[in-house]
Amino acid sequence: MAYGRYFKAYKKTDLDAEMSVADPHRITQMLYEGLIDRLSQAKGAIDRKDYKLKAEKISKALGIVNGLQMSLDPNVDKNLYEPINNLYEHIKYLLNEASTGLETEPIDRAIALITPVKEAWDNIPEEEKNKVNAIIKKKLGLPE
């Protein structure tokens with residue numbers, strides 16, 4: 001069916017367009033959303049014994065976690081850096097455990113760990129978002 005391929009292309013183009021105009025806060029928000037989505041898809045794939053899809057979704061989830069982890073800056077807040085870095089390391093451990101053990105329980109634990117972080121990110125006051133976005137854009141040489 002060509003429809004599925006066209007829909008995927010549309011969604012990718014739509015996501016690419018949103019990413020190109022999104023502020024740094026929104027990009028991180030999208031990464032958290034994508035991570036939870038991939039984890040849910042991996043869980044469903046394990047339940048259906050679709051191990052190829054499981055591998056694909058866990059691989060994509062690991063890529064997102066690695067991206068989030070690489071974006072951490074230990075110079076900004078050393079008190080936050082270590083616990084968040086450790087959280088990401090633990091999530092990667094859980095995903096590897098789920099992948100090799102073909103179990104959904106580690107994925108449930110990973111989702112339970114990342115959901116409060118995503119919710120906290122979603123609830124950052126607009127004034128703080130704007131302030132941090134301006135700092136990040138200036139640091140990256142982007143127009144404000």
# chains A, B, ... in the order shown; residues from 1 in each chain; ligands from 1
call {"tool": "residues_around", "arguments": {"residues": "region 58-60 of chain A", "least_positions_apart": "6", "cutoff": "12 Å", "atoms": "only C-alpha atoms", "output": "ChimeraX atom specification"}}
result
/A:31,34-46,51-52,66-67,91-100,102,104,106-107,110
call {"tool": "residues_around", "arguments": {"residues": "Leu68 (chain A)", "least_positions_apart": "6", "cutoff": "10 Å", "atoms": "only C-alpha atoms", "output": "compact mmCIF listing (two decimals) with all heavy atoms, in the first residue's frame"}}
result
# COMPACT_ATOMS: atom_id res chain seq x y z
N THR A 28 13.38 19.53 22.99
CA THR A 28 13.56 18.57 24.09
C THR A 28 12.22 17.93 24.44
O THR A 28 12.15 16.72 24.66
CB THR A 28 14.16 19.28 25.32
OG1 THR A 28 15.41 19.85 24.95
CG2 THR A 28 14.38 18.30 26.47
N LEU A 31 11.55 15.28 22.01
CA LEU A 31 12.38 14.09 22.26
C LEU A 31 11.77 13.23 23.36
O LEU A 31 11.72 12.00 23.24
CB LEU A 31 13.81 14.50 22.61
CG LEU A 31 14.63 15.06 21.45
CD1 LEU A 31 15.94 15.66 21.96
CD2 LEU A 31 14.89 13.98 20.42
N TYR A 32 11.31 13.85 24.44
CA TYR A 32 10.65 13.09 25.50
C TYR A 32 9.39 12.39 24.97
O TYR A 32 9.14 11.22 25.27
CB TYR A 32 10.29 13.97 26.70
CG TYR A 32 11.46 14.33 27.57
CD1 TYR A 32 11.71 15.64 27.94
CD2 TYR A 32 12.34 13.35 28.05
CE1 TYR A 32 12.79 15.98 28.75
CE2 TYR A 32 13.41 13.68 28.85
CZ TYR A 32 13.63 14.99 29.20
OH TYR A 32 14.70 15.31 29.99
N LEU A 35 10.46 9.51 22.83
CA LEU A 35 11.00 8.42 23.64
C LEU A 35 9.88 7.58 24.22
O LEU A 35 9.89 6.35 24.09
CB LEU A 35 11.88 8.99 24.76
CG LEU A 35 12.43 7.97 25.76
CD1 LEU A 35 13.26 6.88 25.08
CD2 LEU A 35 13.24 8.69 26.84
N LEU A 62 16.91 4.20 22.36
CA LEU A 62 18.29 4.38 22.85
C LEU A 62 18.94 5.59 22.19
O LEU A 62 19.67 6.34 22.85
CB LEU A 62 19.12 3.12 22.61
CG LEU A 62 18.84 1.95 23.55
CD1 LEU A 62 19.49 0.67 23.02
CD2 LEU A 62 19.32 2.26 24.95
N ILE A 84 20.58 13.40 36.52
CA ILE A 84 19.90 13.21 35.24
C ILE A 84 20.73 12.30 34.35
O ILE A 84 20.19 11.41 33.68
CB ILE A 84 19.60 14.57 34.57
CG1 ILE A 84 18.57 15.33 35.40
CG2 ILE A 84 19.09 14.37 33.15
CD1 ILE A 84 18.28 16.72 34.94
N ASN A 85 22.05 12.48 34.35
CA ASN A 85 22.92 11.60 33.59
C ASN A 85 22.76 10.15 34.07
O ASN A 85 22.67 9.22 33.26
CB ASN A 85 24.37 12.06 33.70
CG ASN A 85 25.27 11.30 32.78
OD1 ASN A 85 25.10 11.30 31.57
ND2 ASN A 85 26.25 10.62 33.36
N TYR A 88 19.50 8.68 32.79
CA TYR A 88 19.61 8.24 31.40
C TYR A 88 20.41 6.94 31.30
O TYR A 88 20.05 6.05 30.52
CB TYR A 88 20.23 9.32 30.53
CG TYR A 88 19.36 10.55 30.35
CD1 TYR A 88 19.94 11.80 30.14
CD2 TYR A 88 17.97 10.48 30.37
CE1 TYR A 88 19.15 12.93 29.97
CE2 TYR A 88 17.19 11.60 30.19
CZ TYR A 88 17.78 12.83 29.99
OH TYR A 88 17.00 13.95 29.81
call {"tool": "closest_atom_pairs", "arguments": {"of": "region 14-55 of chain A", "to": "region 133-138 of chain A", "cutoff": "12 Å", "atoms": "only C-alpha atoms", "output": "Markdown table"}}
result
| residue | atom | partner | partner_atom | distance |
| --- | --- | --- | --- | --- |
| A:Ala22 | CA | A:Asn133 | CA | 10.2 |
| A:Asp23 | CA | A:Asn133 | CA | 6.5 |
| A:Pro24 | CA | A:Asn133 | CA | 5.9 |
| A:His25 | CA | A:Asn133 | CA | 6.6 |
| A:Arg26 | CA | A:Asn133 | CA | 9.5 |
| A:Ile27 | CA | A:Asn133 | CA | 10.7 |
| A:Thr28 | CA | A:Asn133 | CA | 11.2 |
call {"tool": "write_last_selection", "arguments": {"atoms": "N, CA, C and O atoms", "output": "PDB file, in the first residue's frame"}}
result
ATOM      1  N   ALA A  22      11.242  24.964  15.776  1.00  0.00           N
ATOM      2  CA  ALA A  22      10.996  24.785  17.205  1.00  0.00           C
ATOM      3  C   ALA A  22      12.122  25.404  18.024  1.00  0.00           C
ATOM      4  O   ALA A  22      13.276  25.396  17.614  1.00  0.00           O
ATOM      5  N   ASP A  23      11.742  25.909  19.169  1.00  0.00           N
ATOM      6  CA  ASP A  23      12.758  26.425  20.072  1.00  0.00           C
ATOM      7  C   ASP A  23      13.397  25.250  20.812  1.00  0.00           C
ATOM      8  O   ASP A  23      12.873  24.129  20.789  1.00  0.00           O
ATOM      9  N   PRO A  24      14.540  25.483  21.449  1.00  0.00           N
ATOM     10  CA  PRO A  24      15.229  24.382  22.137  1.00  0.00           C
ATOM     11  C   PRO A  24      14.359  23.661  23.168  1.00  0.00           C
ATOM     12  O   PRO A  24      14.443  22.434  23.300  1.00  0.00           O
ATOM     13  N   HIS A  25      13.513  24.394  23.864  1.00  0.00           N
ATOM     14  CA  HIS A  25      12.627  23.759  24.842  1.00  0.00           C
ATOM     15  C   HIS A  25      11.678  22.784  24.152  1.00  0.00           C
ATOM     16  O   HIS A  25      11.488  21.658  24.596  1.00  0.00           O
ATOM     17  N   ARG A  26      11.094  23.214  23.051  1.00  0.00           N
ATOM     18  CA  ARG A  26      10.144  22.353  22.322  1.00  0.00           C
ATOM     19  C   ARG A  26      10.844  21.136  21.733  1.00  0.00           C
ATOM     20  O   ARG A  26      10.270  20.042  21.711  1.00  0.00           O
ATOM     21  N   ILE A  27      12.057  21.300  21.266  1.00  0.00           N
ATOM     22  CA  ILE A  27      12.799  20.160  20.724  1.00  0.00           C
ATOM     23  C   ILE A  27      12.999  19.100  21.802  1.00  0.00           C
ATOM     24  O   ILE A  27      12.763  17.910  21.568  1.00  0.00           O
ATOM     25  N   THR A  28      13.384  19.526  22.989  1.00  0.00           N
ATOM     26  CA  THR A  28      13.556  18.573  24.094  1.00  0.00           C
ATOM     27  C   THR A  28      12.224  17.926  24.435  1.00  0.00           C
ATOM     28  O   THR A  28      12.149  16.716  24.660  1.00  0.00           O
TER      29      THR A  28
END
call {"tool": "select_by_dssp", "arguments": {"residues": "region 99-129 of chain A", "states": "helix (DSSP H, G or I)", "output": "list in words"}}
result
Ser99, Thr100, Gly101, Glu105, Pro106, Ile107, Asp108, Arg109, Ala110, Ile111, Ala112, Leu113, Ile114, Thr115, Pro116, Val117, Lys118, Glu119, Ala120, Trp121, Asp122, Glu126, Glu127, Glu128 and Lys129 of chain A
call {"tool": "atom_distance", "arguments": {"atom1": "CA of Ala120 (chain A)", "atom2": "CA of Leu142 (chain A)"}}
result
25.9 Å
